[in-house]
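Let me begin by presenting the structure, written as C-alpha coordinates, before commenting on it.
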Amino acid sequence: MAYVMFLGGIAFNNAGLGFVHAMAHQLGGVYDLPHGVCNAMLLPIVERENAKRDPRKFRAIAKAIGIDIHEKTDEQCATEVIEAIKQLSIEVGIPSKLSELGVTEVDLDKLATNSLMDACAPGNPFQPTKEEVISMFKEIL
(Lines give C-alpha, C1' and ligand atoms only; values in the text may rest on other atoms or scores of the structure.)
Protein backbone atom coordinates (compact mmCIF):
# COMPACT_ATOMS: atom_id res chain seq x y z
CA MET A 1 0.00 0.00 0.00
CA ALA A 2 2.82 2.40 0.79
CA TYR A 3 4.30 1.85 -2.67
CA VAL A 4 0.92 2.43 -4.33
CA MET A 5 0.45 5.62 -2.33
CA PHE A 6 3.93 6.71 -3.39
CA LEU A 7 3.08 6.11 -7.06
CA GLY A 8 -0.16 8.01 -6.62
CA GLY A 9 1.73 10.94 -5.15
CA ILE A 10 4.11 10.98 -8.11
CA ALA A 11 1.16 10.92 -10.50
CA PHE A 12 -0.54 13.79 -8.66
CA ASN A 13 2.64 15.81 -8.69
CA ASN A 14 3.18 15.34 -12.41
CA ALA A 15 -0.38 15.68 -13.65
CA GLY A 16 -2.02 18.07 -11.23
CA LEU A 17 -5.32 17.32 -9.55
CA GLY A 18 -7.93 19.75 -10.81
CA PHE A 19 -10.97 21.44 -9.47
CA VAL A 20 -12.43 18.55 -7.47
CA HIS A 21 -9.44 18.77 -5.14
CA ALA A 22 -9.39 22.57 -5.19
CA MET A 23 -12.97 22.62 -3.91
CA ALA A 24 -12.45 19.73 -1.48
CA HIS A 25 -9.46 21.48 0.09
CA GLN A 26 -11.70 24.39 1.03
CA LEU A 27 -14.34 22.16 2.61
CA GLY A 28 -11.67 20.40 4.63
CA GLY A 29 -10.06 23.65 5.69
CA VAL A 30 -13.22 25.47 6.72
CA TYR A 31 -15.29 22.57 8.05
CA ASP A 32 -12.61 20.00 8.95
CA LEU A 33 -14.27 17.44 6.65
CA PRO A 34 -12.54 14.30 5.34
CA HIS A 35 -10.81 15.06 2.05
CA GLY A 36 -11.78 11.76 0.42
CA VAL A 37 -15.46 12.20 1.25
CA CYS A 38 -15.45 15.74 -0.15
CA ASN A 39 -13.71 14.55 -3.32
CA ALA A 40 -16.27 11.78 -3.79
CA MET A 41 -19.15 14.21 -3.36
CA LEU A 42 -17.70 16.76 -5.79
CA LEU A 43 -16.35 14.37 -8.43
CA PRO A 44 -19.55 13.77 -10.44
CA ILE A 45 -20.42 17.47 -10.47
CA VAL A 46 -17.02 18.71 -11.62
CA GLU A 47 -16.68 15.85 -14.11
CA ARG A 48 -20.05 16.73 -15.62
CA GLU A 49 -18.78 20.25 -16.18
CA ASN A 50 -15.50 18.92 -17.61
CA ALA A 51 -17.44 16.62 -19.94
CA LYS A 52 -19.43 19.56 -21.30
CA ARG A 53 -16.17 21.04 -22.54
CA ASP A 54 -14.25 17.91 -23.59
CA PRO A 55 -16.19 14.63 -23.50
CA ARG A 56 -13.55 12.76 -25.55
CA LYS A 57 -11.47 11.94 -22.48
CA PHE A 58 -14.34 10.02 -20.91
CA ARG A 59 -14.25 7.34 -23.62
CA ALA A 60 -10.98 5.98 -22.22
CA ILE A 61 -12.28 6.20 -18.66
CA ALA A 62 -15.46 4.33 -19.64
CA LYS A 63 -13.42 1.58 -21.26
CA ALA A 64 -11.11 1.33 -18.23
CA ILE A 65 -14.01 0.80 -15.83
CA GLY A 66 -15.66 -1.81 -18.02
CA ILE A 67 -18.33 0.16 -19.83
CA ASP A 68 -19.04 -1.03 -23.37
CA ILE A 69 -18.03 1.95 -25.51
CA HIS A 70 -18.86 0.50 -28.94
CA GLU A 71 -21.38 2.52 -30.91
CA LYS A 72 -21.55 5.16 -28.16
CA THR A 73 -20.76 8.83 -28.50
CA ASP A 74 -18.20 10.52 -26.30
CA GLU A 75 -21.09 12.26 -24.55
CA GLN A 76 -22.79 8.92 -23.82
CA CYS A 77 -19.53 7.55 -22.43
CA ALA A 78 -19.19 10.61 -20.19
CA THR A 79 -22.74 10.23 -18.91
CA GLU A 80 -22.20 6.56 -18.09
CA VAL A 81 -18.91 7.25 -16.32
CA ILE A 82 -20.50 9.96 -14.19
CA GLU A 83 -23.43 7.69 -13.34
CA ALA A 84 -20.97 4.93 -12.34
CA ILE A 85 -19.20 7.40 -10.03
CA LYS A 86 -22.52 8.36 -8.43
CA GLN A 87 -23.50 4.72 -7.97
CA LEU A 88 -20.18 3.85 -6.34
CA SER A 89 -20.62 6.74 -3.90
CA ILE A 90 -24.06 5.41 -2.97
CA GLU A 91 -22.71 1.89 -2.51
CA VAL A 92 -19.94 2.99 -0.15
CA GLY A 93 -22.12 5.40 1.84
CA ILE A 94 -20.87 8.79 0.72
CA PRO A 95 -23.27 11.53 1.89
CA SER A 96 -25.28 13.13 -0.88
CA LYS A 97 -25.55 16.64 0.57
CA LEU A 98 -22.94 18.96 2.07
CA SER A 99 -25.59 20.27 4.45
CA GLU A 100 -25.52 16.82 6.11
CA LEU A 101 -21.91 17.63 7.03
CA GLY A 102 -22.58 21.12 8.39
CA VAL A 103 -21.77 23.19 5.28
CA THR A 104 -23.87 26.34 4.98
CA GLU A 105 -24.64 28.64 2.09
CA VAL A 106 -23.16 31.60 3.97
CA ASP A 107 -19.64 30.26 3.30
CA LEU A 108 -20.04 29.52 -0.43
CA ASP A 109 -18.56 32.82 -1.59
CA LYS A 110 -15.43 32.27 0.52
CA LEU A 111 -15.20 28.62 -0.54
CA ALA A 112 -15.46 29.56 -4.21
CA THR A 113 -12.94 32.39 -3.97
CA ASN A 114 -10.41 30.14 -2.26
CA SER A 115 -11.07 27.27 -4.69
CA LEU A 116 -10.11 29.53 -7.58
CA MET A 117 -6.80 30.31 -5.88
CA ASP A 118 -6.02 26.72 -4.86
CA ALA A 119 -2.82 25.17 -6.23
CA CYS A 120 -4.82 22.30 -7.77
CA ALA A 121 -7.18 24.53 -9.78
CA PRO A 122 -4.91 25.05 -12.82
CA GLY A 123 -4.81 21.27 -13.41
CA ASN A 124 -8.47 21.21 -14.39
CA PRO A 125 -9.45 20.95 -18.08
CA PHE A 126 -11.39 24.23 -17.79
CA GLN A 127 -11.25 27.13 -15.37
CA PRO A 128 -14.69 27.89 -13.95
CA THR A 129 -15.86 31.33 -12.96
CA LYS A 130 -16.59 32.12 -9.34
CA GLU A 131 -20.30 31.89 -10.12
CA GLU A 132 -19.83 28.42 -11.64
CA VAL A 133 -17.95 27.26 -8.55
CA ILE A 134 -20.71 28.58 -6.27
CA SER A 135 -23.26 26.81 -8.46
CA MET A 136 -21.36 23.51 -8.19
CA PHE A 137 -21.23 23.83 -4.41
CA LYS A 138 -24.94 24.71 -4.28
CA GLU A 139 -25.81 21.64 -6.32
CA ILE A 140 -24.81 19.36 -3.45
CA LEU A 141 -25.50 21.72 -0.57
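Quick note on naming: the chains in the C-alpha coordinates go A, B, ... in the order shown, residues restart at 1 in each chain, and ligands are numbered from 1 in order of appearance.
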
Counting only C-alpha atoms, which residues of segment 53-106 of chain A sit at most 12 Å from some atom of segment 40-45 of chain A, and what is each one's closest atom pair with its distance in Å to one decimal, listed by chain and rising residue number, as CSV?
```
residue,atom,partner,partner_atom,distance
A:Ala78,CA,A:Pro44,CA,10.3
A:Thr79,CA,A:Pro44,CA,9.7
A:Glu80,CA,A:Pro44,CA,10.8
A:Val81,CA,A:Pro44,CA,8.8
A:Ile82,CA,A:Pro44,CA,5.4
A:Glu83,CA,A:Pro44,CA,7.8
A:Ala84,CA,A:Pro44,CA,9.2
A:Ile85,CA,A:Pro44,CA,6.4
A:Lys86,CA,A:Pro44,CA,6.5
A:Gln87,CA,A:Pro44,CA,10.2
A:Leu88,CA,A:Ala40,CA,9.2
A:Ser89,CA,A:Ala40,CA,6.7
A:Ile90,CA,A:Met41,CA,10.1
A:Glu91,CA,A:Ala40,CA,11.9
A:Val92,CA,A:Ala40,CA,10.2
A:Gly93,CA,A:Ala40,CA,10.3
A:Ile94,CA,A:Met41,CA,7.0
A:Pro95,CA,A:Met41,CA,7.2
A:Ser96,CA,A:Met41,CA,6.7
A:Lys97,CA,A:Met41,CA,7.9
A:Leu98,CA,A:Met41,CA,8.1
A:Ser99,CA,A:Met41,CA,11.8
A:Glu100,CA,A:Met41,CA,11.7
A:Leu101,CA,A:Met41,CA,11.3
```

Mind listing the helix (DSSP H, G or I) residues of chain A, per DSSP on the backbone, as a ChimeraX atom specification?
/A:2-15,19-31,35-53,57-64,74-92,98-101,105-117,121-123,130-139

Record the distance separating atom CA of His25 of chain A and atom CA of Phe137 of chain A, expressed in Å with one decimal.
12.8 Å

Using only C-alpha atoms, which residue out of A:Leu7, A:Ala22, A:Met136, A:Met1 lies closest to Ala121 of chain A?
A:Ala22

Applying 8 Å and only C-alpha atoms, which residues near Glu105 of chain A remain after dropping the ones on its own chain fewer than 3 positions away? List them as a list in words.
Leu108, Lys138 and Leu141 of chain A

Spatial neighbours of segment 111-114 of chain A, 10 Å, only C-alpha atoms, chain gap at least 2 places, as a PyMOL selection string:
chain A and resi 22-27+29-30+105-109+116-119+121+128-137

Which residues come within 9 Å of Pro125 of chain A, counting only C-alpha atoms, excluding same-chain residues fewer than 2 positions away, as a list in words?
Gly18, Phe19, Asn50, Arg53, Asp54, Pro122, Gly123 and Gln127 of chain A

At a cut-off of 10 Å, using only C-alpha atoms, what residues contact Pro55 of chain A? Leave out same-chain residues fewer than 6 positions from it and give the result as a list in words.
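The neighbour list is Glu47, Arg48, Glu49, Thr73, Asp74, Glu75, Gln76, Cys77, Ala78 and Thr79 of chain A.
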
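Atom pair atom CA of Val20 of chain A / atom CA of Tyr3 of chain A: separated by 24.1 Å.
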
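For the choices A:Ile61, A:Leu33, A:Met5, A:Ala11, the atom-to-atom distance to Val103 of chain A is smallest for A:Leu33 when using only C-alpha atoms.
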